[in-house]
$ cat my_file-v8.txt   # compact mmCIF, C-alpha atoms
# COMPACT_ATOMS: atom_id res chain seq x y z
CA MET J 1 -37.80 -23.71 -26.38
CA VAL J 2 -38.89 -26.42 -23.95
CA GLY J 3 -36.41 -29.13 -24.79
CA GLU J 4 -34.01 -30.58 -27.31
CA PHE J 5 -32.98 -34.11 -28.26
CA ARG J 6 -29.50 -34.43 -29.71
CA ASN J 7 -30.42 -37.92 -30.93
CA TYR J 8 -33.71 -39.35 -32.09
CA PRO J 9 -35.63 -40.53 -29.00
CA ALA J 10 -36.84 -44.12 -28.92
CA LEU J 11 -40.56 -44.78 -29.25
CA ALA J 12 -40.66 -45.53 -25.53
CA GLN J 13 -39.66 -41.91 -24.89
CA LEU J 14 -42.55 -40.45 -26.85
CA GLN J 15 -44.87 -40.28 -23.86
CA THR J 16 -42.24 -38.36 -21.91
CA SER J 17 -41.72 -35.88 -24.73
CA THR J 18 -45.45 -35.29 -25.23
CA ASP J 19 -45.83 -34.59 -21.51
CA LEU J 20 -43.90 -31.39 -22.21
CA ALA J 21 -47.16 -30.04 -23.72
CA CYS J 22 -45.41 -28.49 -26.71
CA ASP J 23 -47.30 -26.89 -29.57
CA VAL J 24 -44.56 -27.64 -32.09
CA TYR J 25 -41.97 -30.35 -32.68
CA VAL J 26 -39.20 -29.77 -35.23
CA ILE J 27 -37.53 -32.96 -36.44
CA ASP J 28 -34.46 -33.22 -38.66
CA ILE J 29 -35.04 -36.06 -41.12
CA ASP J 30 -31.71 -36.05 -42.96
CA THR J 31 -29.74 -38.11 -40.41
CA ASP J 32 -32.01 -41.15 -40.52
CA PRO J 33 -35.24 -40.64 -42.51
CA HIS J 34 -36.71 -44.01 -41.49
CA VAL J 35 -36.39 -43.38 -37.75
CA ALA J 36 -37.40 -39.72 -38.15
CA LEU J 37 -40.61 -40.59 -40.00
CA ASP J 38 -41.56 -43.12 -37.32
CA LEU J 39 -41.14 -40.32 -34.80
CA VAL J 40 -43.23 -37.92 -36.89
CA GLU J 41 -46.04 -40.45 -37.12
CA GLY J 42 -45.87 -41.30 -33.42
CA LEU J 43 -46.09 -37.67 -32.31
CA SER J 44 -48.93 -36.94 -34.74
CA VAL J 45 -50.95 -39.89 -33.47
CA GLN J 46 -50.34 -38.98 -29.81
CA ASP J 47 -51.89 -35.50 -30.19
CA SER J 48 -53.51 -34.37 -33.44
CA SER J 49 -53.49 -30.71 -32.36
CA VAL J 50 -49.69 -30.44 -32.26
CA THR J 51 -47.74 -29.33 -35.31
CA VAL J 52 -44.88 -31.56 -36.38
CA MET J 53 -42.41 -29.76 -38.63
CA VAL J 54 -39.65 -31.56 -40.48
CA SER J 55 -36.37 -29.98 -41.48
CA SER J 56 -34.36 -31.11 -44.49
CA THR J 57 -31.61 -29.76 -46.73
CA LYS J 58 -32.48 -32.20 -49.51
CA ASP J 59 -34.94 -31.79 -52.38
CA ASP J 60 -36.33 -35.31 -52.49
CA PRO J 61 -39.99 -35.46 -53.66
CA ASP J 62 -40.37 -39.00 -52.31
CA VAL J 63 -39.30 -37.92 -48.83
CA LEU J 64 -41.68 -34.96 -49.00
CA VAL J 65 -44.64 -37.23 -49.76
CA ARG J 66 -43.64 -39.64 -46.99
CA THR J 67 -43.38 -36.85 -44.40
CA MET J 68 -46.85 -35.52 -45.27
CA ARG J 69 -48.34 -39.03 -45.05
CA ALA J 70 -46.67 -39.52 -41.68
CA GLY J 71 -48.48 -36.45 -40.35
CA ALA J 72 -45.99 -33.56 -40.76
CA ARG J 73 -47.72 -30.19 -41.12
CA GLU J 74 -44.72 -28.10 -42.26
CA LEU J 75 -41.57 -28.77 -44.28
CA LEU J 76 -38.63 -26.45 -43.57
CA ARG J 77 -35.99 -26.56 -46.28
CA HIS J 78 -32.41 -25.27 -46.48
CA ASP J 79 -31.87 -21.95 -44.68
CA ILE J 80 -34.78 -21.27 -42.34
CA SER J 81 -35.39 -17.51 -42.26
CA ALA J 82 -37.20 -15.68 -39.47
CA PRO J 83 -40.27 -14.82 -41.62
CA ILE J 84 -40.71 -18.45 -42.70
CA ILE J 85 -40.54 -19.84 -39.17
CA ALA J 86 -42.79 -17.03 -37.92
CA GLU J 87 -45.53 -17.91 -40.43
CA ALA J 88 -45.20 -21.61 -39.58
CA LEU J 89 -45.55 -20.86 -35.86
CA ILE J 90 -48.64 -18.71 -36.46
CA ARG J 91 -50.29 -21.61 -38.29
CA ALA J 92 -49.27 -23.96 -35.47
CA ALA J 93 -50.86 -21.69 -32.86
CA ALA J 94 -54.06 -21.58 -34.91
CA ARG J 95 -54.25 -25.39 -34.95
CA ARG J 96 -53.81 -25.55 -31.18
CA ASN J 97 -56.55 -22.94 -30.69
CA GLU J 98 -58.79 -24.84 -33.10
CA LYS J 99 -58.79 -27.87 -30.79
CA ALA J 100 -59.91 -25.73 -27.85
CA ARG J 101 -62.86 -24.30 -29.79
CA PRO J 102 -66.23 -26.04 -29.43
CA LYS J 103 -67.08 -28.32 -32.34
CA ARG J 104 -69.65 -26.93 -34.75
CA THR J 105 -71.84 -28.66 -37.25
CA SER J 106 -70.43 -28.38 -40.74
CA GLY J 107 -72.03 -25.50 -42.61
CA LYS J 108 -74.36 -25.83 -45.60
CA VAL J 109 -73.13 -24.97 -49.09
CA ILE J 110 -75.89 -23.36 -51.20
CA VAL J 111 -75.07 -22.88 -54.89
CA PHE J 112 -76.84 -20.52 -57.30
CA TRP J 113 -76.18 -21.69 -60.86
CA GLY J 114 -77.47 -19.94 -63.99
CA ALA J 115 -79.01 -21.81 -66.90
CA LYS J 116 -77.49 -19.11 -69.11
CA GLY J 117 -75.97 -15.66 -68.81
CA GLY J 118 -78.17 -12.74 -67.80
CA VAL J 119 -80.80 -14.67 -65.81
CA GLY J 120 -80.00 -12.78 -62.58
CA VAL J 121 -77.87 -15.27 -60.64
CA THR J 122 -75.76 -12.60 -58.90
CA THR J 123 -78.79 -10.55 -57.89
CA LEU J 124 -80.49 -13.60 -56.40
CA ALA J 125 -77.39 -15.04 -54.70
CA SER J 126 -76.22 -11.79 -53.10
CA ASN J 127 -79.69 -10.79 -51.90
CA PHE J 128 -80.37 -14.32 -50.67
CA ALA J 129 -77.14 -14.21 -48.62
CA VAL J 130 -78.17 -10.90 -47.01
CA ALA J 131 -81.68 -12.23 -46.31
CA LEU J 132 -80.28 -15.47 -44.88
CA ARG J 133 -77.99 -13.53 -42.54
CA GLY J 134 -80.92 -11.48 -41.28
CA GLU J 135 -83.52 -14.24 -41.01
CA SER J 136 -81.32 -16.96 -39.50
CA GLU J 137 -79.21 -14.55 -37.37
CA ARG J 138 -76.23 -16.81 -38.14
CA GLU J 139 -73.00 -16.15 -40.00
CA VAL J 140 -73.04 -16.30 -43.79
CA VAL J 141 -70.20 -16.16 -46.33
CA LEU J 142 -70.89 -15.35 -49.97
CA VAL J 143 -68.40 -16.69 -52.54
CA ASP J 144 -68.26 -15.23 -56.07
CA PHE J 145 -67.35 -18.23 -58.23
CA ASP J 146 -67.83 -16.43 -61.53
CA VAL J 147 -64.06 -16.18 -62.03
CA GLN J 148 -64.22 -14.32 -65.34
CA LEU J 149 -66.71 -11.53 -64.71
CA GLY J 150 -67.97 -11.84 -61.13
CA ASP J 151 -70.15 -8.95 -59.95
CA VAL J 152 -70.92 -9.75 -56.31
CA SER J 153 -68.68 -6.97 -54.95
CA VAL J 154 -70.32 -4.41 -57.27
CA SER J 155 -73.79 -5.71 -56.39
CA LEU J 156 -73.10 -5.20 -52.68
CA GLY J 157 -71.11 -1.97 -53.04
CA ILE J 158 -67.84 -3.24 -51.55
CA LYS J 159 -64.21 -2.90 -52.67
CA PRO J 160 -62.34 -6.11 -51.83
CA LYS J 161 -58.58 -6.14 -51.25
CA PHE J 162 -58.29 -9.88 -51.90
CA THR J 163 -60.19 -12.38 -54.01
CA LEU J 164 -60.98 -16.04 -54.60
CA GLN J 165 -57.99 -16.19 -56.92
CA ASP J 166 -55.68 -15.29 -54.01
CA ALA J 167 -57.07 -18.21 -52.03
CA LEU J 168 -56.64 -20.79 -54.77
CA THR J 169 -53.24 -19.71 -56.11
CA ASP J 170 -51.46 -19.76 -52.74
CA THR J 171 -52.54 -23.18 -51.48
CA GLN J 172 -49.48 -23.60 -49.25
CA ARG J 173 -50.95 -20.93 -46.96
CA LEU J 174 -54.53 -22.10 -47.23
CA ASP J 175 -55.75 -22.37 -43.64
CA ARG J 176 -58.40 -20.72 -41.47
CA ASP J 177 -56.32 -17.66 -40.62
CA PHE J 178 -55.26 -17.03 -44.21
CA VAL J 179 -58.82 -17.35 -45.52
CA SER J 180 -60.10 -14.92 -42.87
CA THR J 181 -57.73 -12.23 -44.22
CA LEU J 182 -59.20 -12.60 -47.72
CA LEU J 183 -62.81 -11.92 -46.74
CA SER J 184 -64.54 -8.55 -47.06
CA ASP J 185 -67.26 -7.44 -44.63
CA HIS J 186 -70.62 -6.16 -45.83
CA VAL J 187 -72.73 -3.90 -43.63
CA SER J 188 -75.40 -6.61 -43.44
CA GLY J 189 -72.95 -8.88 -41.60
CA VAL J 190 -72.32 -11.11 -44.63
CA SER J 191 -68.67 -11.99 -45.30
CA VAL J 192 -67.69 -11.93 -48.97
CA LEU J 193 -65.00 -13.74 -50.94
CA SER J 194 -65.03 -11.82 -54.21
CA ALA J 195 -63.97 -12.76 -57.72
CA ALA J 196 -60.92 -11.10 -59.26
CA ASP J 197 -61.49 -7.55 -60.48
CA GLU J 198 -59.43 -7.84 -63.66
CA TYR J 199 -60.71 -9.74 -66.70
CA ASN J 200 -58.54 -12.63 -67.81
CA PRO J 201 -59.99 -14.89 -70.54
CA SER J 202 -57.66 -17.75 -69.59
CA ARG J 203 -58.50 -17.69 -65.87
CA THR J 204 -59.94 -20.91 -64.47
CA VAL J 205 -60.61 -22.29 -61.00
CA PRO J 206 -57.53 -24.25 -59.84
CA THR J 207 -58.48 -27.70 -58.60
CA GLU J 208 -55.66 -27.71 -56.05
CA GLY J 209 -56.93 -26.28 -52.79
CA PHE J 210 -60.61 -26.33 -53.80
CA ASP J 211 -61.68 -28.97 -51.27
CA GLN J 212 -59.53 -27.40 -48.55
CA LEU J 213 -61.07 -23.97 -49.12
CA PHE J 214 -64.63 -25.24 -48.83
CA ARG J 215 -63.74 -27.36 -45.81
CA ILE J 216 -62.47 -24.23 -44.06
CA LEU J 217 -65.51 -22.17 -45.06
CA ARG J 218 -67.92 -24.88 -43.89
CA ASP J 219 -66.10 -25.15 -40.57
CA GLU J 220 -66.25 -21.38 -40.02
CA PHE J 221 -69.71 -20.49 -41.37
CA PRO J 222 -73.12 -22.12 -40.87
CA TYR J 223 -74.01 -21.05 -44.42
CA VAL J 224 -71.80 -20.81 -47.52
CA VAL J 225 -73.66 -19.19 -50.42
CA VAL J 226 -72.01 -19.50 -53.85
CA ASP J 227 -72.69 -17.38 -56.92
CA ALA J 228 -71.61 -19.88 -59.59
CA GLY J 229 -72.62 -17.71 -62.52
CA PRO J 230 -73.52 -19.47 -65.78
CA CYS J 231 -71.78 -22.48 -67.31
CA LEU J 232 -69.13 -23.47 -64.77
CA GLY J 233 -67.24 -25.66 -67.19
CA ALA J 234 -64.62 -27.99 -65.73
CA SER J 235 -65.18 -26.75 -62.18
CA ALA J 236 -68.89 -27.66 -62.21
CA GLU J 237 -68.53 -31.18 -60.88
CA ALA J 238 -66.24 -30.14 -58.02
CA LEU J 239 -68.71 -27.49 -56.88
CA MET J 240 -71.72 -29.75 -57.31
CA ARG J 241 -69.96 -32.35 -55.15
CA VAL J 242 -69.71 -30.06 -52.12
CA ALA J 243 -73.17 -28.47 -52.52
CA ASP J 244 -75.94 -29.22 -50.04
CA MET J 245 -78.48 -27.37 -52.18
CA ILE J 246 -78.36 -26.17 -55.79
CA TYR J 247 -80.68 -23.42 -56.98
CA LEU J 248 -80.80 -23.62 -60.78
CA VAL J 249 -81.82 -20.17 -62.01
CA ALA J 250 -83.73 -19.86 -65.29
CA GLN J 251 -86.40 -17.71 -66.86
CA ILE J 252 -89.31 -18.40 -69.18
CA ASP J 253 -87.69 -18.44 -72.59
CA VAL J 254 -86.75 -21.35 -74.83
CA PRO J 255 -82.92 -21.03 -74.55
CA ALA J 256 -82.99 -20.86 -70.74
CA VAL J 257 -85.46 -23.73 -70.40
CA ARG J 258 -83.48 -25.86 -72.85
CA ASN J 259 -80.23 -25.21 -70.97
CA ALA J 260 -81.92 -25.89 -67.62
CA GLN J 261 -83.17 -29.23 -68.94
CA ARG J 262 -79.66 -30.22 -70.04
CA MET J 263 -78.13 -29.14 -66.73
CA LEU J 264 -80.73 -31.06 -64.74
CA ALA J 265 -80.02 -34.13 -66.88
CA TYR J 266 -76.30 -33.75 -66.10
CA MET J 267 -76.97 -33.48 -62.36
CA GLU J 268 -79.18 -36.56 -62.52
CA ARG J 269 -76.39 -38.49 -64.25
CA ILE J 270 -73.92 -37.72 -61.45
CA GLY J 271 -76.50 -38.56 -58.79
CA LEU J 272 -77.43 -35.09 -57.50
CA GLN J 273 -80.93 -34.77 -56.11
CA ARG J 274 -80.63 -31.61 -54.01
CA VAL J 275 -81.84 -29.29 -56.76
CA GLU J 276 -84.58 -26.65 -56.86
CA VAL J 277 -85.47 -24.57 -59.91
CA ILE J 278 -85.97 -20.80 -59.62
CA LEU J 279 -87.85 -18.97 -62.35
CA ASN J 280 -86.57 -15.40 -62.25
CA ARG J 281 -88.35 -12.33 -63.67
CA PHE J 282 -91.58 -14.29 -63.68
CA GLU J 283 -94.69 -12.56 -65.06
CA ALA J 284 -97.75 -14.78 -64.94
CA ARG J 285 -99.63 -12.76 -67.58
CA LYS J 286 -96.79 -12.98 -70.10
CA VAL J 287 -95.92 -16.66 -69.80
CA ASP J 288 -95.86 -18.54 -73.11
CA ILE J 289 -95.03 -21.88 -71.45
CA ASP J 290 -97.47 -23.01 -68.76
CA ASP J 291 -96.53 -24.89 -65.57
CA GLN J 292 -97.55 -28.29 -66.88
CA LEU J 293 -95.50 -27.98 -70.07
CA LEU J 294 -92.55 -26.53 -68.18
CA THR J 295 -92.56 -29.34 -65.62
CA LYS J 296 -92.72 -31.90 -68.41
CA ALA J 297 -89.79 -30.27 -70.22
CA LEU J 298 -87.61 -30.00 -67.12
CA GLY J 299 -88.69 -33.18 -65.37
CA LEU J 300 -88.96 -31.07 -62.22
CA HIS J 301 -91.58 -28.62 -61.00
CA PRO J 302 -90.17 -25.09 -60.47
CA LYS J 303 -90.01 -24.53 -56.71
CA TRP J 304 -89.67 -20.73 -56.69
CA LYS J 305 -91.01 -17.95 -58.91
CA VAL J 306 -89.39 -14.56 -58.44
CA PRO J 307 -91.56 -11.77 -59.88
CA ASN J 308 -90.16 -9.28 -62.38
CA ASP J 309 -89.25 -5.87 -60.93
CA PHE J 310 -86.69 -4.58 -63.38
CA ALA J 311 -86.69 -1.00 -62.08
CA ALA J 312 -85.96 -2.05 -58.47
CA ALA J 313 -83.26 -4.52 -59.56
CA ARG J 314 -81.51 -1.93 -61.75
CA ARG J 315 -81.69 0.67 -58.98
CA ALA J 316 -80.13 -1.77 -56.51
CA GLN J 317 -77.32 -2.68 -58.92
CA ASN J 318 -76.49 0.94 -59.73
CA THR J 319 -76.42 2.04 -56.07
CA GLY J 320 -74.76 -1.06 -54.59
CA LYS J 321 -77.59 -1.44 -52.10
CA PRO J 322 -79.19 -4.89 -51.75
CA LEU J 323 -82.64 -5.22 -53.25
CA ILE J 324 -83.66 -7.12 -50.12
CA GLN J 325 -83.58 -3.89 -48.13
CA GLU J 326 -86.59 -2.62 -50.07
CA LYS J 327 -90.13 -3.86 -49.60
CA SER J 328 -90.99 -5.43 -52.92
CA VAL J 329 -92.49 -8.54 -54.45
CA VAL J 330 -88.95 -9.73 -55.21
CA SER J 331 -87.62 -9.33 -51.66
CA LYS J 332 -90.68 -11.14 -50.32
CA VAL J 333 -89.86 -14.32 -52.29
CA ILE J 334 -86.14 -14.16 -51.46
CA ILE J 335 -86.93 -13.83 -47.74
CA GLU J 336 -89.20 -16.88 -47.97
CA MET J 337 -86.34 -18.81 -49.60
CA ALA J 338 -83.98 -17.76 -46.81
CA ARG J 339 -86.47 -18.76 -44.12
CA ALA J 340 -87.00 -22.15 -45.74
CA THR J 341 -83.24 -22.74 -45.86
CA SER J 342 -82.82 -21.86 -42.18
CA GLY J 343 -85.78 -24.02 -41.11
CA LEU J 344 -88.09 -21.14 -40.21
CA ALA J 345 -91.81 -21.02 -40.88
CA PRO J 346 -93.08 -18.83 -43.73
CA VAL J 347 -94.06 -15.28 -42.85
CA LYS J 348 -97.78 -15.08 -42.18
CA GLU J 349 -99.70 -12.73 -44.40
CA LYS J 350 -101.52 -9.95 -42.61
CA ARG J 351 -105.22 -9.99 -43.36
CA LYS J 352 -106.68 -6.79 -44.68
CA ALA J 353 -109.71 -5.47 -42.89
CA PHE J 354 -112.67 -4.16 -44.82
CA GLY J 355 -115.54 -2.20 -43.45
CA LEU J 356 -118.50 -0.02 -44.35
CA PHE J 357 -118.76 3.43 -42.89
CA GLY J 358 -121.83 5.55 -43.04
$ encode --input "my_file-v8.txt" --output "structure tokens"
Amino acid sequence: MVGEFRNYPALAQLQTSTDLACDVYVIDIDTDPHVALDLVEGLSVQDSSVTVMVSSTKDDPDVLVRTMRAGARELLRHDISAPIIAEALIRAAARRNEKARPKRTSGKVIVFWGAKGGVGVTTLASNFAVALRGESEREVVLVDFDVQLGDVSVSLGIKPKFTLQDALTDTQRLDRDFVSTLLSDHVSGVSVLSAADEYNPSRTVPTEGFDQLFRILRDEFPYVVVDAGPCLGASAEALMRVADMIYLVAQIDVPAVRNAQRMLAYMERIGLQRVEVILNRFEARKVDIDDQLLTKALGLHPKWKVPNDFAAARRAQNTGKPLIQEKSVVSKVIIEMARATSGLAPVKEKRKAFGLFG
């Protein structure tokens, strides 16, 4: 406790009070809300890294909104218990430490979105995240956004304690430190925010806290890879809005191509141009729709073609070991995608030597 004012200080005293180099200011707003809110705003403007907390015994929604707009970071109501003030102080310390950290470029959000169910979105997204971590040698977080039946944790063989649902249903605690406790670590170095383990047909992605979550993830990780699953529904536009790149995953069959065409038309309507099409399980000899016809149908040439290796993919899913760890035609394409994303040159093919021996 550095100091205490028994009365609200005048604005002229603000400079003196900020010279105390406090991390936290607690201001009672009940005595004179107008003067108190001026003080809250003045302190917040003086130093954006400090935490201004307001204390009130009244439940007035209008006052709450005004305190947040003035720059207050915490609202302490009624009886202030030790656990509540302890959590508030931990968040305040994190904000102070955040200012001392070097500024980083905001991370890229890369979304894998399926044209329909069963096209291999989770396999591609999880293996891409592992490849990106290895090729770029930078931190990667993988978010399972398939809130109904997400399989990222199973695909990578991890058992998460917390999930995406924990992050978006407790938005009052949604800050860098809280999010870090929700992540699971994979042996590859990829951090994972898993989907809930229990099936709930009514579960949706809450809109409250969505932007804050992705802002935190982008600040902490150079790459945020999202397994969006198929058919995002109402949450599609929010996720598309934060995406730096969208990989639309389809395969060569009429339902998938038709859905891909409709999804591309939707993205064009909302002004998204950062889209690349991936054809998964591609077998050149069994294609009924050639490149020219496919490009005409989609209005976009497929950028990536991932060969079919059903046996390797099933083995990886059943063992929880990433497919990317095996040398295969599939891992080769995924590594090239990861290198392109991280700005690295494609891997040069080794030339085979032929000779005649007598």
$ atom_distance --input "my_file-v8.txt" --atom1 "CA of Ser331 in chain J" --atom2 "CA of Asp151 in chain J"
19.3 Å
$ closest_residue --input "my_file-v8.txt" --among "J:Lys348, J:Lys116, J:Arg315, J:Lys161" --to "Ala260 in chain J" --atoms "all atoms listed in the file"
J:Lys116
$ atom_distance --input "my_file-v8.txt" --atom1 "CA of Leu298 in chain J" --atom2 "CA of Ala256 in chain J"
10.9 Å
$ residues_around --input "my_file-v8.txt" --residues "range 67-84 of chain J" --least-positions-apart "6" --cutoff "10 Å" --atoms "only C-alpha atoms" --output "number ranges by chain"
J: 24-29, 33, 36-45, 48, 50-59, 61, 91-92, 172
$ closest_residue --input "my_file-v8.txt" --among "J:Leu294, J:Ala311, J:Val333, J:Leu183" --to "Gln251 in chain J" --atoms "all atoms listed in the file"
J:Leu294
$ residues_around --input "my_file-v8.txt" --residues "range 338-347 of chain J" --least-positions-apart "4" --cutoff "7 Å" --atoms "all atoms listed in the file" --output "ChimeraX atom specification"
/J:128,131-132,135-136,334
$ closest_residue --input "my_file-v8.txt" --among "J:Ile90, J:Val257, J:Ala265, J:Ala243" --to "Asp211 in chain J" --atoms "only C-alpha atoms"
J:Ala243
$ atom_distance --input "my_file-v8.txt" --atom1 "CA of Asp144 in chain J" --atom2 "CA of Arg269 in chain J"
26.0 Å
$ closest_residue --input "my_file-v8.txt" --among "J:Ile289, J:Val147, J:Pro9, J:Tyr266" --to "Glu237 in chain J" --atoms "all atoms listed in the file"
J:Tyr266
$ closest_residue --input "my_file-v8.txt" --among "J:Val65, J:Val306, J:Leu156, J:Val226" --to "Glu283 in chain J" --atoms "only C-alpha atoms"
J:Val306
$ residues_around --input "my_file-v8.txt" --residues "Val140 in chain J" --least-positions-apart "2" --cutoff "8 Å" --atoms "all atoms listed in the file" --output "PyMOL selection string"
chain J and resi 129+132-133+138+142+189-191+221-225
$ residues_around --input "my_file-v8.txt" --residues "Ala94 in chain J" --least-positions-apart "6" --cutoff "9 Å" --atoms "only C-alpha atoms" --output "VMD selection string"
chain J and resid 175 to 177
$ decode --input "my_file-v8.txt" --residues "range 123-131 of chain J" --atoms "all heavy atoms" --output "PDB file, in the first residue's frame"
ATOM      1  N   THR J 123      -7.445 -33.833 -39.915  1.00  0.00           N
ATOM      2  CA  THR J 123      -6.152 -34.431 -40.279  1.00  0.00           C
ATOM      3  C   THR J 123      -5.233 -33.387 -40.896  1.00  0.00           C
ATOM      4  O   THR J 123      -4.052 -33.285 -40.537  1.00  0.00           O
ATOM      5  CB  THR J 123      -6.357 -35.596 -41.255  1.00  0.00           C
ATOM      6  OG1 THR J 123      -7.113 -36.624 -40.609  1.00  0.00           O
ATOM      7  CG2 THR J 123      -5.015 -36.174 -41.702  1.00  0.00           C
ATOM      8  N   LEU J 124      -5.762 -32.596 -41.808  1.00  0.00           N
ATOM      9  CA  LEU J 124      -4.948 -31.579 -42.471  1.00  0.00           C
ATOM     10  C   LEU J 124      -4.539 -30.465 -41.503  1.00  0.00           C
ATOM     11  O   LEU J 124      -3.377 -30.061 -41.462  1.00  0.00           O
ATOM     12  CB  LEU J 124      -5.695 -30.989 -43.664  1.00  0.00           C
ATOM     13  CG  LEU J 124      -5.900 -31.915 -44.860  1.00  0.00           C
ATOM     14  CD1 LEU J 124      -6.737 -31.229 -45.925  1.00  0.00           C
ATOM     15  CD2 LEU J 124      -4.563 -32.353 -45.444  1.00  0.00           C
ATOM     16  N   ALA J 125      -5.484 -29.965 -40.719  1.00  0.00           N
ATOM     17  CA  ALA J 125      -5.192 -28.848 -39.812  1.00  0.00           C
ATOM     18  C   ALA J 125      -4.182 -29.233 -38.753  1.00  0.00           C
ATOM     19  O   ALA J 125      -3.222 -28.489 -38.490  1.00  0.00           O
ATOM     20  CB  ALA J 125      -6.485 -28.359 -39.159  1.00  0.00           C
ATOM     21  N   SER J 126      -4.350 -30.389 -38.119  1.00  0.00           N
ATOM     22  CA  SER J 126      -3.448 -30.791 -37.045  1.00  0.00           C
ATOM     23  C   SER J 126      -2.055 -31.096 -37.573  1.00  0.00           C
ATOM     24  O   SER J 126      -1.045 -30.716 -36.966  1.00  0.00           O
ATOM     25  CB  SER J 126      -4.019 -31.998 -36.285  1.00  0.00           C
ATOM     26  OG  SER J 126      -4.287 -33.069 -37.164  1.00  0.00           O
ATOM     27  N   ASN J 127      -1.978 -31.766 -38.721  1.00  0.00           N
ATOM     28  CA  ASN J 127      -0.658 -32.069 -39.289  1.00  0.00           C
ATOM     29  C   ASN J 127       0.012 -30.821 -39.849  1.00  0.00           C
ATOM     30  O   ASN J 127       1.233 -30.680 -39.773  1.00  0.00           O
ATOM     31  CB  ASN J 127      -0.784 -33.147 -40.368  1.00  0.00           C
ATOM     32  CG  ASN J 127      -0.922 -34.532 -39.782  1.00  0.00           C
ATOM     33  OD1 ASN J 127       0.063 -35.160 -39.411  1.00  0.00           O
ATOM     34  ND2 ASN J 127      -2.153 -35.003 -39.675  1.00  0.00           N
ATOM     35  N   PHE J 128      -0.780 -29.916 -40.395  1.00  0.00           N
ATOM     36  CA  PHE J 128      -0.237 -28.639 -40.866  1.00  0.00           C
ATOM     37  C   PHE J 128       0.364 -27.861 -39.693  1.00  0.00           C
ATOM     38  O   PHE J 128       1.437 -27.271 -39.816  1.00  0.00           O
ATOM     39  CB  PHE J 128      -1.338 -27.828 -41.534  1.00  0.00           C
ATOM     40  CG  PHE J 128      -0.928 -26.437 -41.934  1.00  0.00           C
ATOM     41  CD1 PHE J 128      -0.286 -26.197 -43.139  1.00  0.00           C
ATOM     42  CD2 PHE J 128      -1.175 -25.353 -41.093  1.00  0.00           C
ATOM     43  CE1 PHE J 128       0.099 -24.906 -43.509  1.00  0.00           C
ATOM     44  CE2 PHE J 128      -0.806 -24.067 -41.445  1.00  0.00           C
ATOM     45  CZ  PHE J 128      -0.164 -23.840 -42.658  1.00  0.00           C
ATOM     46  N   ALA J 129      -0.330 -27.838 -38.553  1.00  0.00           N
ATOM     47  CA  ALA J 129       0.176 -27.114 -37.375  1.00  0.00           C
ATOM     48  C   ALA J 129       1.516 -27.686 -36.916  1.00  0.00           C
ATOM     49  O   ALA J 129       2.447 -26.940 -36.599  1.00  0.00           O
ATOM     50  CB  ALA J 129      -0.847 -27.180 -36.244  1.00  0.00           C
ATOM     51  N   VAL J 130       1.631 -29.015 -36.888  1.00  0.00           N
ATOM     52  CA  VAL J 130       2.888 -29.657 -36.490  1.00  0.00           C
ATOM     53  C   VAL J 130       3.992 -29.340 -37.499  1.00  0.00           C
ATOM     54  O   VAL J 130       5.129 -29.031 -37.123  1.00  0.00           O
ATOM     55  CB  VAL J 130       2.693 -31.186 -36.360  1.00  0.00           C
ATOM     56  CG1 VAL J 130       4.031 -31.883 -36.098  1.00  0.00           C
ATOM     57  CG2 VAL J 130       1.712 -31.501 -35.230  1.00  0.00           C
ATOM     58  N   ALA J 131       3.654 -29.404 -38.790  1.00  0.00           N
ATOM     59  CA  ALA J 131       4.644 -29.087 -39.827  1.00  0.00           C
ATOM     60  C   ALA J 131       5.072 -27.629 -39.748  1.00  0.00           C
ATOM     61  O   ALA J 131       6.262 -27.304 -39.892  1.00  0.00           O
ATOM     62  CB  ALA J 131       4.065 -29.389 -41.210  1.00  0.00           C
TER      63      ALA J 131
END
